[in-house]
Structure formats: C-alpha cells, structure tokens
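All remarks here apply to the structure that follows.
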Amino acid sequence: MLGAPNAGKSTLVNQLVGQKVAITSAKAQTTRARMLGIALHESDGFATQMVLVDTPGIFAPKRRLDRAMVSAAWEGAEAADAVLLMVDPLKQRRHELLPMLEQLKHRPERKFLVLNKVDRAKKEPLLALAQELGELGDFAEIYFISALTGDGVAELKDVLAALMPQGEWMYPEDQVSDASERLLATEITREQLYKQLHEELPYDSAVRPEKYIQRKDGSLEIHQQIVVARDNQRMIVLGKGGSMIKSIGAAARQELSELLGQKVHLFLHVKATENWAEDKEIYEEMGLDWVG
C-alpha cells in the first residue's frame, strides 16, 4: 500500500483484514513504520493468506523522522506481488502524488490504482482524475472504493487474492499482524492522543513502552511514556488537573482490553524532551531504521 499521507491506506488494511491492525486518524502521517496486516480470503473452498504492507505516506521529507518514514514506505514495496497506489481524490496532494507516479513507473511489480472516498467524491471529476492518473502510470487495473464504508473493497480483495502465488502460508491462521502487543499498545495510545487533541498537539509526539507486566489475576499492567518536544505541549497533554491524560488513558485502556481480551491497567506519564526525534532508541521502538 503506497500513497500520500492521509490517503486511507491504514483504513483499507483494517477493512481487508476484517479487524483493526493499524491506527488511523485525520492527522497526516499517522502511520510511521511499515506494518503488516494479514488478511484471509475464502473462495470456492480455497483459502488464501495475503500479507498487506501498510506504509507511511510518502511526502517530501524535511527531518530525520520524515526521512526514516519515507524510507520505510519504499522498503515496504520491495519484493511485493502487487503495489496498490491509493489516492484521496478530494485532497489529491499532487505535489506528492506526481513524483510517486514517476518512481512507480520503473518498478517491476504489478500496479493497481485505488481511488478512495468514492462515497464523498463527485463522479465526473473522479472519472477525469482516474483517466489522467491512469495515463501517467502503468496500472494493471483501476479501482474505486471507500475504505471507510467498505464499498468496492470485497471486489478488490477478490482480485488481490487471485494474484497470490501458491505456497506455504507465512503466518499462523489466527495471526492478523506482525506488530507485537507492546507496539500495538503504544500505537493505540498514540491514536487517542491524535483523536482527543486534534490540532492542539503538533506532530512532534511519540509513545514509548516502559513496562508490560502480566499480573497473577490474569490482567495486564502497561506503563507508557508520552514524549513531546516542549513543556507547553506537556501541559496540553496533561490537561487541567490531569483531565486530558485521564481521558486519553481511559479510551486507550478500554480499546486495549477489547483488543487483547483481558483487563488492562494502563499507566501514562508525559515527558518533555526537546530533541526526542534525534534519539536512535526511539526509532528502534517505533520499528524505523535510523537514517542519516
């Protein structure tokens, strides 16, 4: 899955898998590392396993974190059986889309153009955009979908399943992602940060795992650190009398309990570290390579 930030790649991965494996938000560049979603497809008595590579949006990188994310996105396309280029027809983001089309031209993988948000896009401009992009790229097929409502997703899944080569399955039947529970837990908290703080919190934030303890009573104790760049951002995350961090923690805890099928005790604290985006250890925790 390739595309500009906010095209809907993570939402589509979740639709194809049939459950949440990647966090989503209206904030651009929510996905940071390359993450796998594992989808199953059954047709005529045959079961197919598809490994979907959800990648960060490709954009013009300015900082080290940006460069690491874009590098992870292009790495995600290596050795794929197919590449899906997802486009948001409402925003388009042509300054990012056109260079991507140019780079994709020279790639050997089978390529599909997927135009998202058909539930909101006007038909005539949508068809004109499909024709224009179809001429610019070497696409085997063009699909119109809504990752949010699921429109057109079943047909796309049928086509992708038919492309899969025969062979041993790469993952157990009940596995839906390659993300560890620890990483997933930090991602769920980060999603709540974005959802509840919207534009108040800039992109410069991260969630770090600290402790992950299985209690004797069968519940799970999770400690995480929210890292921001400045002290005034720390105060925003805490909220008046700690109200915001309580709200973030409560929503993340509820979702984690449902996702993991056990009671979760979640402890969050906030730290302001000006240069956290230059910390190699944080990149490793996020699943990103340290790039120069």
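Note on naming: chains are A, B, ... as they come in the structure tokens, residues start from 1 per chain, ligands start from 1 in the order shown.
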
All residues 8 Å or closer to Val264 of chain A, only C-alpha atoms, same chain fewer than 5 positions away omitted, as a ChimeraX atom specification: /A:219-222,253-254,256-257

Output N, CA and C atoms of each residue in that selection to a file, as a CSV table (one decimal), in the first residue's frame.
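Contents of out.csv, freshly written:
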chain,number,residue,atom,x,y,z
A,219,SER,N,-4.9,-10.2,34.6
A,219,SER,CA,-4.9,-8.8,34.0
A,219,SER,C,-3.5,-8.4,33.6
A,220,LEU,N,-3.5,-7.3,32.8
A,220,LEU,CA,-2.2,-6.9,32.2
A,220,LEU,C,-2.0,-5.4,32.7
A,221,GLU,N,-0.7,-5.2,33.1
A,221,GLU,CA,-0.3,-3.9,33.6
A,221,GLU,C,0.6,-3.3,32.6
A,222,ILE,N,0.3,-2.1,32.0
A,222,ILE,CA,1.1,-1.5,31.0
A,222,ILE,C,1.5,-0.1,31.4
A,253,ARG,N,-7.2,2.4,27.3
A,253,ARG,CA,-7.4,1.2,28.1
A,253,ARG,C,-8.6,0.4,27.7
A,254,GLN,N,-9.7,1.0,27.4
A,254,GLN,CA,-10.9,0.3,27.0
A,254,GLN,C,-10.6,-0.4,25.7
A,256,LEU,N,-7.7,-1.4,24.4
A,256,LEU,CA,-6.8,-2.4,24.6
A,256,LEU,C,-7.4,-3.6,25.3
A,257,SER,N,-8.3,-3.4,26.2
A,257,SER,CA,-8.9,-4.5,26.9
A,257,SER,C,-9.7,-5.4,25.9

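Counting only C-alpha atoms, segment 99-101 of chain A has the following residues at most 8 Å away, ignoring those fewer than 2 positions along the same chain: Gly3, Ile58, His95, Glu96, Leu97, Gln103, Leu104, Lys105, Leu136 and Gly137 of chain A.
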
Write the residues of the preceding selection, restricted to N, CA and C atoms, as a PDB file, in the first residue's frame.
ATOM      1  N   GLY A   3       1.076   5.595  -1.019  1.00  0.00           N
ATOM      2  CA  GLY A   3       0.230   6.759  -1.249  1.00  0.00           C
ATOM      3  C   GLY A   3       0.736   7.945  -0.466  1.00  0.00           C
ATOM      4  N   ILE A  58       3.962   8.837   1.643  1.00  0.00           N
ATOM      5  CA  ILE A  58       5.190   9.344   1.036  1.00  0.00           C
ATOM      6  C   ILE A  58       5.032  10.843   0.774  1.00  0.00           C
ATOM      7  N   HIS A  95       1.542  17.388  -5.375  1.00  0.00           N
ATOM      8  CA  HIS A  95       2.982  17.632  -5.191  1.00  0.00           C
ATOM      9  C   HIS A  95       3.682  16.380  -4.661  1.00  0.00           C
ATOM     10  N   GLU A  96       2.932  15.476  -4.003  1.00  0.00           N
ATOM     11  CA  GLU A  96       3.499  14.209  -3.536  1.00  0.00           C
ATOM     12  C   GLU A  96       3.153  13.065  -4.479  1.00  0.00           C
ATOM     13  N   LEU A  97       1.988  13.153  -5.088  1.00  0.00           N
ATOM     14  CA  LEU A  97       1.485  12.088  -5.948  1.00  0.00           C
ATOM     15  C   LEU A  97       2.272  11.959  -7.255  1.00  0.00           C
ATOM     16  N   GLN A 103       8.271   7.499  -9.920  1.00  0.00           N
ATOM     17  CA  GLN A 103       9.114   6.431  -9.362  1.00  0.00           C
ATOM     18  C   GLN A 103       8.503   5.058  -9.589  1.00  0.00           C
ATOM     19  N   LEU A 104       7.179   4.968  -9.505  1.00  0.00           N
ATOM     20  CA  LEU A 104       6.497   3.675  -9.673  1.00  0.00           C
ATOM     21  C   LEU A 104       6.597   3.150 -11.100  1.00  0.00           C
ATOM     22  N   LYS A 105       6.702   4.062 -12.060  1.00  0.00           N
ATOM     23  CA  LYS A 105       6.778   3.692 -13.481  1.00  0.00           C
ATOM     24  C   LYS A 105       7.839   2.631 -13.745  1.00  0.00           C
ATOM     25  N   LEU A 136      -0.749   8.417 -16.700  1.00  0.00           N
ATOM     26  CA  LEU A 136       0.585   8.738 -16.161  1.00  0.00           C
ATOM     27  C   LEU A 136       1.298   7.505 -15.599  1.00  0.00           C
ATOM     28  N   GLY A 137       0.534   6.514 -15.165  1.00  0.00           N
ATOM     29  CA  GLY A 137       1.134   5.326 -14.537  1.00  0.00           C
ATOM     30  C   GLY A 137       0.810   4.071 -15.314  1.00  0.00           C
TER      31      GLY A 137
END

Segment 34-50 of chain A surroundings by only C-alpha atoms, 10 Å radius, close-in-sequence under 3 positions cut, as a ChimeraX atom specification: /A:1,10,13-22,31,53-56,69-77,154,157-158,160-179,286-288

Could you dump the residues just selected with N, CA and C atoms as a short mmCIF file (atom, residue, chain, number, x, y, z; two decimals), in the first residue's frame?
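Result saved to out.cif:
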data_model
loop_
_atom_site.label_atom_id
_atom_site.label_comp_id
_atom_site.auth_asym_id
_atom_site.auth_seq_id
_atom_site.Cartn_x
_atom_site.Cartn_y
_atom_site.Cartn_z
N MET A 1 0.85 -1.19 0.00
CA MET A 1 0.00 0.00 0.00
C MET A 1 0.88 1.24 0.00
N SER A 10 -4.25 2.84 5.90
CA SER A 10 -4.46 2.06 7.13
C SER A 10 -5.91 1.63 7.26
N VAL A 13 -6.38 -1.33 4.97
CA VAL A 13 -5.76 -2.54 5.55
C VAL A 13 -6.69 -3.14 6.61
N ASN A 14 -7.23 -2.29 7.49
CA ASN A 14 -8.15 -2.78 8.52
C ASN A 14 -9.39 -3.43 7.90
N GLN A 15 -9.91 -2.84 6.82
CA GLN A 15 -11.09 -3.40 6.13
C GLN A 15 -10.76 -4.78 5.54
N LEU A 16 -9.61 -4.88 4.89
CA LEU A 16 -9.24 -6.14 4.24
C LEU A 16 -8.96 -7.24 5.26
N VAL A 17 -8.35 -6.87 6.39
CA VAL A 17 -8.06 -7.86 7.45
C VAL A 17 -9.36 -8.25 8.16
N GLY A 18 -10.28 -7.29 8.28
CA GLY A 18 -11.54 -7.58 8.97
C GLY A 18 -11.51 -7.18 10.42
N GLN A 19 -10.42 -6.58 10.86
CA GLN A 19 -10.34 -6.03 12.22
C GLN A 19 -9.20 -5.02 12.26
N LYS A 20 -9.12 -4.29 13.36
CA LYS A 20 -8.15 -3.21 13.44
C LYS A 20 -6.74 -3.75 13.68
N VAL A 21 -5.84 -3.42 12.77
CA VAL A 21 -4.43 -3.77 12.97
C VAL A 21 -3.55 -2.53 12.84
N ALA A 22 -4.11 -1.45 12.28
CA ALA A 22 -3.33 -0.23 12.08
C ALA A 22 -4.14 0.95 12.60
N THR A 31 0.63 6.88 10.33
CA THR A 31 1.44 5.66 10.24
C THR A 31 2.90 6.06 10.13
N VAL A 53 1.14 -4.81 3.31
CA VAL A 53 2.15 -3.94 3.90
C VAL A 53 1.62 -2.52 3.96
N ASP A 54 1.24 -2.10 5.18
CA ASP A 54 0.76 -0.73 5.38
C ASP A 54 1.98 0.16 5.58
N THR A 55 2.11 1.18 4.75
CA THR A 55 3.32 2.01 4.81
C THR A 55 2.97 3.44 5.20
N PRO A 56 3.97 4.17 5.73
CA PRO A 56 3.74 5.60 5.97
C PRO A 56 3.49 6.32 4.65
N MET A 69 10.61 7.62 7.77
CA MET A 69 9.28 7.16 7.40
C MET A 69 9.16 6.92 5.90
N VAL A 70 9.69 7.82 5.10
CA VAL A 70 9.62 7.66 3.64
C VAL A 70 10.45 6.46 3.20
N SER A 71 11.60 6.27 3.85
CA SER A 71 12.45 5.11 3.56
C SER A 71 11.69 3.81 3.86
N ALA A 72 10.97 3.79 4.99
CA ALA A 72 10.18 2.60 5.37
C ALA A 72 9.07 2.33 4.35
N ALA A 73 8.49 3.41 3.80
CA ALA A 73 7.42 3.24 2.82
C ALA A 73 7.93 2.57 1.55
N TRP A 74 9.04 3.07 1.00
CA TRP A 74 9.55 2.48 -0.24
C TRP A 74 10.08 1.06 0.00
N GLU A 75 10.63 0.80 1.19
CA GLU A 75 11.08 -0.56 1.52
C GLU A 75 9.90 -1.52 1.53
N GLY A 76 8.73 -1.00 1.95
CA GLY A 76 7.53 -1.84 2.01
C GLY A 76 7.13 -2.38 0.66
N ALA A 77 7.52 -1.71 -0.42
CA ALA A 77 7.14 -2.16 -1.77
C ALA A 77 8.10 -3.21 -2.33
N ALA A 154 -14.60 -5.58 -1.24
CA ALA A 154 -14.71 -7.04 -1.46
C ALA A 154 -14.19 -7.41 -2.84
N LYS A 157 -10.46 -7.21 -2.89
CA LYS A 157 -9.89 -8.34 -2.15
C LYS A 157 -9.88 -9.61 -3.01
N ASP A 158 -10.96 -9.82 -3.78
CA ASP A 158 -11.03 -10.98 -4.69
C ASP A 158 -9.86 -10.96 -5.67
N LEU A 160 -6.95 -9.29 -5.47
CA LEU A 160 -5.65 -9.45 -4.81
C LEU A 160 -5.40 -10.91 -4.43
N ALA A 161 -6.44 -11.58 -3.95
CA ALA A 161 -6.29 -12.99 -3.56
C ALA A 161 -5.92 -13.85 -4.76
N ALA A 162 -6.51 -13.54 -5.91
CA ALA A 162 -6.23 -14.32 -7.12
C ALA A 162 -4.78 -14.12 -7.59
N LEU A 163 -4.16 -13.02 -7.20
CA LEU A 163 -2.77 -12.76 -7.59
C LEU A 163 -1.75 -13.54 -6.78
N MET A 164 -2.17 -14.02 -5.61
CA MET A 164 -1.21 -14.62 -4.69
C MET A 164 -0.63 -15.93 -5.24
N PRO A 165 0.69 -16.07 -5.15
CA PRO A 165 1.31 -17.31 -5.63
C PRO A 165 1.00 -18.47 -4.69
N GLN A 166 1.03 -19.68 -5.23
CA GLN A 166 0.81 -20.86 -4.38
C GLN A 166 2.03 -21.07 -3.49
N GLY A 167 1.78 -21.55 -2.29
CA GLY A 167 2.90 -21.82 -1.38
C GLY A 167 2.41 -21.95 0.04
N GLU A 168 3.36 -22.20 0.94
CA GLU A 168 3.04 -22.31 2.36
C GLU A 168 2.61 -20.94 2.88
N TRP A 169 1.65 -20.94 3.82
CA TRP A 169 1.27 -19.68 4.45
C TRP A 169 2.44 -19.15 5.27
N MET A 170 2.58 -17.85 5.31
CA MET A 170 3.72 -17.25 6.00
C MET A 170 3.46 -17.05 7.50
N TYR A 171 2.17 -17.03 7.88
CA TYR A 171 1.82 -16.78 9.29
C TYR A 171 0.73 -17.75 9.73
N PRO A 172 0.61 -18.01 11.05
CA PRO A 172 -0.48 -18.85 11.54
C PRO A 172 -1.84 -18.26 11.17
N GLU A 173 -2.84 -19.14 11.06
CA GLU A 173 -4.17 -18.74 10.57
C GLU A 173 -4.82 -17.64 11.42
N ASP A 174 -4.54 -17.63 12.74
CA ASP A 174 -5.22 -16.66 13.61
C ASP A 174 -4.42 -15.37 13.82
N GLN A 175 -3.29 -15.23 13.13
CA GLN A 175 -2.48 -14.02 13.31
C GLN A 175 -2.93 -12.93 12.32
N VAL A 176 -3.13 -11.71 12.82
CA VAL A 176 -3.64 -10.64 11.95
C VAL A 176 -2.61 -9.53 11.71
N SER A 177 -1.49 -9.57 12.43
CA SER A 177 -0.50 -8.51 12.27
C SER A 177 0.87 -9.01 12.71
N ASP A 178 1.93 -8.33 12.23
CA ASP A 178 3.27 -8.69 12.70
C ASP A 178 3.69 -7.82 13.88
N ALA A 179 2.83 -6.89 14.28
CA ALA A 179 3.17 -5.99 15.39
C ALA A 179 3.09 -6.74 16.72
N MET A 286 9.90 2.36 17.50
CA MET A 286 8.84 2.61 16.53
C MET A 286 8.94 1.67 15.33
N GLY A 287 10.01 0.89 15.23
CA GLY A 287 10.18 -0.01 14.09
C GLY A 287 10.74 0.68 12.87
N LEU A 288 11.44 1.83 13.09
CA LEU A 288 12.03 2.58 11.97
C LEU A 288 13.54 2.40 11.96
#

Point-to-point distance from atom CA of Gln196 of chain A to atom CA of Ile145 of chain A, Å rounded to tenths: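 If I compute the distance from atom CA of Gln196 of chain A to atom CA of Ile145 of chain A, I get 27.8 Å.
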
Every residue of segment 28-263 of chain A that DSSP places in strand (DSSP E or B), as a ChimeraX atom specification: /A:35-43,46-54,82-87,110-115,141-144,177,205-214,220-228

A:Leu90, A:Ser247, A:Ser180, A:Ala7 ranked by distance to Lys122 of chain A, top pick (using only C-alpha atoms):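 Closest to Lys122 of chain A, using only C-alpha atoms: A:Leu90.
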
Using 10 Å as the limit and counting only C-alpha atoms, can you tabulate each residue of segment 142-240 of chain A that touches segment 116-120 of chain A, with its shortest atom-to-atom distance in Å and the two atoms involved, as a Markdown table?
| residue | atom | partner | partner_atom | distance |
| --- | --- | --- | --- | --- |
| A:Tyr143 | CA | A:Asn116 | CA | 8.4 |
| A:Phe144 | CA | A:Asn116 | CA | 6.2 |
| A:Ile145 | CA | A:Asn116 | CA | 5.0 |
| A:Ser146 | CA | A:Lys117 | CA | 4.5 |
| A:Ala147 | CA | A:Asn116 | CA | 6.5 |
| A:Leu148 | CA | A:Lys117 | CA | 7.5 |
| A:Thr149 | CA | A:Asp119 | CA | 7.8 |
| A:Gly150 | CA | A:Asp119 | CA | 9.8 |
| A:Asp151 | CA | A:Asp119 | CA | 8.0 |
| A:Gly152 | CA | A:Val118 | CA | 9.3 |

For atom CA of Asn6 of chain A and atom CA of Ile236 of chain A, the interatomic separation in Å (one decimal):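 Computed distance, atom CA of Asn6 of chain A to atom CA of Ile236 of chain A, equals 24.3 Å.
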
In segment 49-282 of chain A, DSSP helix (DSSP H, G or I) residues written as JSON, numbers by chain: {"A": [64, 65, 66, 67, 68, 69, 70, 71, 72, 73, 74, 75, 76, 94, 95, 96, 97, 98, 99, 100, 101, 102, 103, 104, 105, 123, 124, 125, 126, 127, 128, 129, 130, 131, 132, 133, 134, 135, 136, 153, 154, 155, 156, 157, 158, 159, 160, 161, 162, 163, 181, 182, 183, 184, 185, 186, 187, 188, 189, 190, 191, 192, 193, 194, 195, 196, 197, 198, 199, 200, 231, 232, 233, 234, 235, 236, 237, 238, 240, 241, 242, 243, 244, 245, 246, 247, 248, 249, 250, 251, 252, 253, 254, 255, 256, 257, 258, 259, 260, 276, 277, 278, 280, 281, 282]}

With C-alpha atoms retained, could you export that selection as a short mmCIF file (atom, residue, chain, number, x, y, z; two decimals), in the first residue's frame?
data_model
loop_
_atom_site.label_atom_id
_atom_site.label_comp_id
_atom_site.auth_asym_id
_atom_site.auth_seq_id
_atom_site.Cartn_x
_atom_site.Cartn_y
_atom_site.Cartn_z
CA ARG A 64 15.31 12.73 10.16
CA LEU A 65 11.96 11.27 11.28
CA ASP A 66 10.43 12.20 7.90
CA ARG A 67 13.31 10.55 6.03
CA ALA A 68 13.02 7.37 8.11
CA MET A 69 9.28 7.16 7.40
CA VAL A 70 9.62 7.66 3.64
CA SER A 71 12.45 5.11 3.56
CA ALA A 72 10.18 2.60 5.37
CA ALA A 73 7.42 3.24 2.82
CA TRP A 74 9.55 2.48 -0.24
CA GLU A 75 11.08 -0.56 1.52
CA GLY A 76 7.53 -1.84 2.01
CA ARG A 94 -0.38 16.27 -6.39
CA HIS A 95 2.98 17.63 -5.19
CA GLU A 96 3.50 14.21 -3.54
CA LEU A 97 1.48 12.09 -5.95
CA LEU A 98 3.22 13.02 -9.22
CA PRO A 99 6.81 12.21 -8.08
CA MET A 100 5.47 8.91 -6.71
CA LEU A 101 3.91 8.02 -10.07
CA GLU A 102 7.24 8.77 -11.74
CA GLN A 103 9.11 6.43 -9.36
CA LEU A 104 6.50 3.68 -9.67
CA LYS A 105 6.78 3.69 -13.48
CA LYS A 123 -18.47 11.32 -10.16
CA GLU A 124 -17.29 13.45 -13.12
CA PRO A 125 -14.08 14.83 -11.53
CA LEU A 126 -13.37 11.35 -10.10
CA LEU A 127 -13.51 9.72 -13.55
CA ALA A 128 -11.40 12.51 -15.05
CA LEU A 129 -8.76 12.01 -12.31
CA ALA A 130 -8.79 8.23 -12.89
CA GLN A 131 -8.17 8.75 -16.60
CA GLU A 132 -5.38 11.27 -16.03
CA LEU A 133 -3.54 9.15 -13.43
CA GLY A 134 -4.13 6.00 -15.48
CA GLU A 135 -2.28 7.61 -18.39
CA LEU A 136 0.58 8.74 -16.16
CA VAL A 153 -13.38 -3.46 -1.02
CA ALA A 154 -14.71 -7.04 -1.46
CA GLU A 155 -14.08 -6.89 -5.23
CA LEU A 156 -10.56 -5.56 -4.67
CA LYS A 157 -9.89 -8.34 -2.15
CA ASP A 158 -11.03 -10.98 -4.69
CA VAL A 159 -8.56 -9.65 -7.27
CA LEU A 160 -5.65 -9.45 -4.81
CA ALA A 161 -6.29 -12.99 -3.56
CA ALA A 162 -6.23 -14.32 -7.12
CA LEU A 163 -2.77 -12.76 -7.59
CA GLU A 181 1.39 -6.48 21.62
CA ARG A 182 3.74 -3.87 23.13
CA LEU A 183 3.98 -1.91 19.88
CA LEU A 184 0.24 -2.19 19.29
CA ALA A 185 -0.41 -0.88 22.81
CA THR A 186 1.75 2.22 22.20
CA GLU A 187 0.04 2.78 18.83
CA ILE A 188 -3.44 2.66 20.42
CA THR A 189 -2.38 5.33 22.94
CA ARG A 190 -0.88 7.47 20.17
CA GLU A 191 -4.12 7.21 18.20
CA GLN A 192 -6.04 8.54 21.22
CA LEU A 193 -3.54 11.41 21.56
CA TYR A 194 -4.31 12.46 17.98
CA LYS A 195 -8.06 11.90 18.30
CA GLN A 196 -8.53 13.85 21.51
CA LEU A 197 -6.06 16.67 20.95
CA HIS A 198 -6.57 17.24 17.20
CA GLU A 199 -4.57 20.30 16.15
CA GLU A 200 -3.55 21.28 19.68
CA ASP A 231 6.91 21.83 28.20
CA ASN A 232 3.82 23.73 26.99
CA GLN A 233 2.91 20.62 24.92
CA ARG A 234 3.30 18.55 28.09
CA MET A 235 0.74 20.78 29.83
CA ILE A 236 -1.66 20.33 26.86
CA VAL A 237 -1.41 16.53 27.10
CA LEU A 238 -1.93 16.59 30.88
CA LYS A 240 -6.40 20.92 33.57
CA GLY A 241 -5.97 18.89 36.75
CA GLY A 242 -4.78 15.93 34.66
CA SER A 243 -8.17 15.66 32.93
CA MET A 244 -6.83 15.17 29.38
CA ILE A 245 -4.34 12.41 30.17
CA LYS A 246 -7.07 10.63 32.19
CA SER A 247 -9.40 10.79 29.19
CA ILE A 248 -6.68 9.55 26.80
CA GLY A 249 -5.77 6.73 29.20
CA ALA A 250 -9.40 5.65 29.74
CA ALA A 251 -10.15 5.42 25.99
CA ALA A 252 -6.86 3.60 25.21
CA ARG A 253 -7.36 1.20 28.14
CA GLN A 254 -10.89 0.29 27.01
CA GLU A 255 -9.76 -0.39 23.45
CA LEU A 256 -6.75 -2.43 24.58
CA SER A 257 -8.92 -4.53 26.91
CA GLU A 258 -11.26 -5.35 23.98
CA LEU A 259 -8.40 -5.98 21.57
CA LEU A 260 -6.36 -8.20 23.91
CA TRP A 276 13.50 13.22 21.09
CA ALA A 277 13.39 12.93 17.26
CA GLU A 278 17.20 12.53 17.33
CA LYS A 280 18.11 6.33 17.98
CA GLU A 281 16.45 4.17 20.63
CA ILE A 282 13.03 5.75 20.00
#

Nearby residues (only C-alpha atoms) at most 8 Å from Leu85 of chain A, same-chain spacing under 6 positions excluded, as a list of chain:residue names: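 Listed by chain and then number, they are A:Met1, A:Leu2, A:Gly3, A:Lys111, A:Phe112, A:Leu113, A:Val114.
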
Given only C-alpha atoms as the counted atoms, nearest of A:Pro108, A:Ala229, A:Glu141, A:Ala206 to Thr273 of chain A: A:Ala229
